[in-house]
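First the structure, in the form of structure tokens, and then the observations on it.
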Amino acid sequence: MDGTVETAGETPVRRRVAYVLPVYNEQDNIAVFHEALVGATSARADLDFEFVYVDDGSRDASLERLVELRERDPRVTIVQFSRNYGHQVAVTAGLDLVAGTGAADAVVVMDTDLQDPPRVSLEMIERWEAGAEVVYAQRRTRKDTAFKRATAWGFYWVLDRLASIEIPRNVGDFRLMDARVVAEVARYREHDRFLRGIVAHVGFRQEALLFDRDERYAGESGYPLRKMIGFAASGILGFSTAPLKMISRLGFAISAFSLLLACYVLGVRLFMPEETVPGWAFLGVGMFMLSGIQLVMMGVIGSYLGRVYVEAQDRPLYTLAMVARDPASGRGVPAGEAPQASRGAGAVS
């Protein structure tokens, strides 16, 4: 399909797709990834592209590699954080940049470790041109460790049963969103972010695109076990009040069990007073069990309360150290135009 929009009496306008690409310690992947991305997008000469790399406080030479890319390719935009804010916030910053200028007709979000093949994004663009407003990449197969596959399955199983909205299984942040969807997503400003849940909550016409996820090209994952657990908690607590309801149900169940136990003890006292009531060990174990359950309940309530506290502080989501972007926002930028950069861009809520 031709990537231009014709208006009566006006020159056809080329449609533009922006790629939002979070980066954290990817110095060995950036050049190879960008080459693969440029090679894939070159098949759509009828479209304009912008590549928005968001450096999430990398500690290696990722920023230097991005600057080198920008010197060779003026379509590259660099957003640098003042520190590490996390993958979800990095994606948010890229979406904010694109939504704030209205410079793209669609946005593709993908990681830069080559696990998400750039060629798949072209299929997303075709689905978008056919009318879809969100096209999310659903993993048909994934080349991860058995532990990661098992934990991912468990997470989606729990989320599917607890979430108040339907969030597709085996789906990461690799997706295409129409400009209208991006504008709506940009309105969601919670700090504990779970973008795949936010996009599902926004709605619009969404389609799945099956793909086979590749192995990571180089380096280590930016999601160790600790971050994976925190991310899973954000997904569950951010889109479900089921844990709070489960506390009430568990409380009723324990109360009912205690009432039955009290009736048993009273019956023995009244009808078989000569028999002693055994069970001191049981009572001791029960006491510690109930204490543990109470602490877990307090922890769940504390997690929700902590989220309320963070939101009440209303701090900025991130602070930008530098933004390097062409004044024309990448639309039809001549190949030889010099890049411009702004530093100290400040905090963004």
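Residue names in the structure tokens use chain letters A, B, ... in the order shown, residue numbers from 1 in each chain, and ligand numbers from 1 in the order shown.
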Discussion item. Need the shell around Val79 in chain A: protein/DNA/RNA residues with any atom at most 8 Å away, counting only C-alpha atoms. Skip same-chain ones fewer than 5 positions apart. Format as a list in words?
Written reply: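 Once the nearby chain positions are removed, what remains is Val52, Tyr53, Val54, Asp55, Gly94, Leu320, Ala321, Met322, Val323 and Ala324 of chain A.
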Next, write the just-selected residues to a file, as a PDB file, in the first residue's frame, keeping N, CA and C atoms as the atom set.
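Below you can see out_23.pdb, which holds the result:
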```
ATOM      1  N   VAL A  52      13.725   6.889  17.445  1.00  0.00           N
ATOM      2  CA  VAL A  52      13.887   7.575  18.728  1.00  0.00           C
ATOM      3  C   VAL A  52      14.518   6.612  19.729  1.00  0.00           C
ATOM      4  N   TYR A  53      15.803   6.788  19.980  1.00  0.00           N
ATOM      5  CA  TYR A  53      16.518   5.974  20.963  1.00  0.00           C
ATOM      6  C   TYR A  53      16.490   6.688  22.311  1.00  0.00           C
ATOM      7  N   VAL A  54      16.044   5.980  23.345  1.00  0.00           N
ATOM      8  CA  VAL A  54      15.975   6.550  24.690  1.00  0.00           C
ATOM      9  C   VAL A  54      17.019   5.857  25.557  1.00  0.00           C
ATOM     10  N   ASP A  55      18.068   6.592  25.914  1.00  0.00           N
ATOM     11  CA  ASP A  55      19.138   6.039  26.749  1.00  0.00           C
ATOM     12  C   ASP A  55      18.715   6.123  28.212  1.00  0.00           C
ATOM     13  N   GLY A  94       9.806   8.170  25.177  1.00  0.00           N
ATOM     14  CA  GLY A  94       9.772   8.185  23.723  1.00  0.00           C
ATOM     15  C   GLY A  94       8.386   8.479  23.186  1.00  0.00           C
ATOM     16  N   LEU A 320      15.139  14.630  31.893  1.00  0.00           N
ATOM     17  CA  LEU A 320      15.945  14.499  30.686  1.00  0.00           C
ATOM     18  C   LEU A 320      17.256  15.260  30.839  1.00  0.00           C
ATOM     19  N   ALA A 321      18.342  14.605  30.478  1.00  0.00           N
ATOM     20  CA  ALA A 321      19.643  15.266  30.468  1.00  0.00           C
ATOM     21  C   ALA A 321      19.928  15.894  29.111  1.00  0.00           C
ATOM     22  N   MET A 322      19.396  15.266  28.046  1.00  0.00           N
ATOM     23  CA  MET A 322      19.680  15.770  26.702  1.00  0.00           C
ATOM     24  C   MET A 322      18.690  15.186  25.709  1.00  0.00           C
ATOM     25  N   VAL A 323      18.306  16.008  24.738  1.00  0.00           N
ATOM     26  CA  VAL A 323      17.497  15.553  23.611  1.00  0.00           C
ATOM     27  C   VAL A 323      18.169  16.037  22.337  1.00  0.00           C
ATOM     28  N   ALA A 324      18.476  15.127  21.440  1.00  0.00           N
ATOM     29  CA  ALA A 324      19.069  15.479  20.146  1.00  0.00           C
ATOM     30  C   ALA A 324      18.080  15.085  19.068  1.00  0.00           C
TER      31      ALA A 324
END
```
All residues 9 Å or closer to Thr112 in chain A, only C-alpha atoms, same chain fewer than 3 positions away omitted, as a PDB file with N, CA and C atoms, in the first residue's frame:
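Listing of part.pdb after writing:
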```pdb
ATOM      1  N   LEU A  21      12.741   3.280  20.905  1.00  0.00           N
ATOM      2  CA  LEU A  21      13.708   2.209  21.138  1.00  0.00           C
ATOM      3  C   LEU A  21      14.447   2.441  22.456  1.00  0.00           C
ATOM      4  N   PRO A  22      13.995   1.843  23.562  1.00  0.00           N
ATOM      5  CA  PRO A  22      14.687   2.009  24.843  1.00  0.00           C
ATOM      6  C   PRO A  22      16.044   1.308  24.834  1.00  0.00           C
ATOM      7  N   VAL A  23      17.027   1.949  25.450  1.00  0.00           N
ATOM      8  CA  VAL A  23      18.399   1.432  25.458  1.00  0.00           C
ATOM      9  C   VAL A  23      18.933   1.456  26.882  1.00  0.00           C
ATOM     10  N   GLU A  26      23.513  -1.323  26.026  1.00  0.00           N
ATOM     11  CA  GLU A  26      23.413  -2.093  24.782  1.00  0.00           C
ATOM     12  C   GLU A  26      24.510  -1.704  23.793  1.00  0.00           C
ATOM     13  N   ASN A  29      25.038  -4.016  20.911  1.00  0.00           N
ATOM     14  CA  ASN A  29      23.880  -4.345  20.078  1.00  0.00           C
ATOM     15  C   ASN A  29      23.443  -3.210  19.167  1.00  0.00           C
ATOM     16  N   ILE A  30      23.738  -1.977  19.556  1.00  0.00           N
ATOM     17  CA  ILE A  30      23.127  -0.821  18.898  1.00  0.00           C
ATOM     18  C   ILE A  30      23.431  -0.774  17.405  1.00  0.00           C
ATOM     19  N   PHE A  33      21.798  -3.686  15.550  1.00  0.00           N
ATOM     20  CA  PHE A  33      20.343  -3.515  15.532  1.00  0.00           C
ATOM     21  C   PHE A  33      19.933  -2.434  14.537  1.00  0.00           C
ATOM     22  N   HIS A  34      20.620  -1.299  14.579  1.00  0.00           N
ATOM     23  CA  HIS A  34      20.235  -0.197  13.694  1.00  0.00           C
ATOM     24  C   HIS A  34      20.413  -0.583  12.230  1.00  0.00           C
ATOM     25  N   GLN A 115      16.015  -9.405  19.913  1.00  0.00           N
ATOM     26  CA  GLN A 115      15.076 -10.490  20.187  1.00  0.00           C
ATOM     27  C   GLN A 115      13.767 -10.257  19.440  1.00  0.00           C
ATOM     28  N   ASP A 116      13.445  -8.986  19.232  1.00  0.00           N
ATOM     29  CA  ASP A 116      12.283  -8.624  18.425  1.00  0.00           C
ATOM     30  C   ASP A 116      12.775  -8.293  17.017  1.00  0.00           C
TER      31      ASP A 116
END
```
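Between CA of Tyr19 in chain A and CA of Arg72 in chain A there is a distance of 17.3 Å.
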Discussion item. Which residues are near range 121-130 of chain A? Cut-off 9 Å, only C-alpha atoms, ignore same chain within fewer than 5 positions. Put them as number ranges by chain.
Written reply: A: 1, 3, 17, 40-41, 43-44, 106, 108, 110, 116, 135-137, 174-178, 207, 209
Item to complete: Could you tell me, as number ranges by chain, which residues of range 29-229 of chain A DSSP assigns to strand (DSSP E or B) when given the backbone?
Response: A: 48-55, 76-81, 106-109, 134-142, 171-178, 206-213
Compile the contact shell of Arg205 in chain A as a PDB file with C-alpha atoms, in the first residue's frame: residues with an atom at most 9 Å away, counting only C-alpha atoms, same-chain residues fewer than 3 positions apart removed.
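Writing the result to result32.pdb gives the following:
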```pdb
ATOM      1  CA  GLY A 131      -7.211  -0.515   9.592  1.00  0.00           C
ATOM      2  CA  ALA A 132      -5.792  -1.853  12.868  1.00  0.00           C
ATOM      3  CA  GLU A 133      -5.002   0.813  15.471  1.00  0.00           C
ATOM      4  CA  VAL A 134      -2.873  -1.400  17.726  1.00  0.00           C
ATOM      5  CA  VAL A 135      -0.874  -4.370  16.466  1.00  0.00           C
TER       6      VAL A 135
END
```
Item to complete: Within 8 Å of range 95-104 of chain A, counting only C-alpha atoms, which residues show up once you throw out same-chain ones fewer than 5 positions away? Write them as an MDAnalysis selection string, please.
Response: chainID A and resid 15:18 20 179 182:183 186 329 331
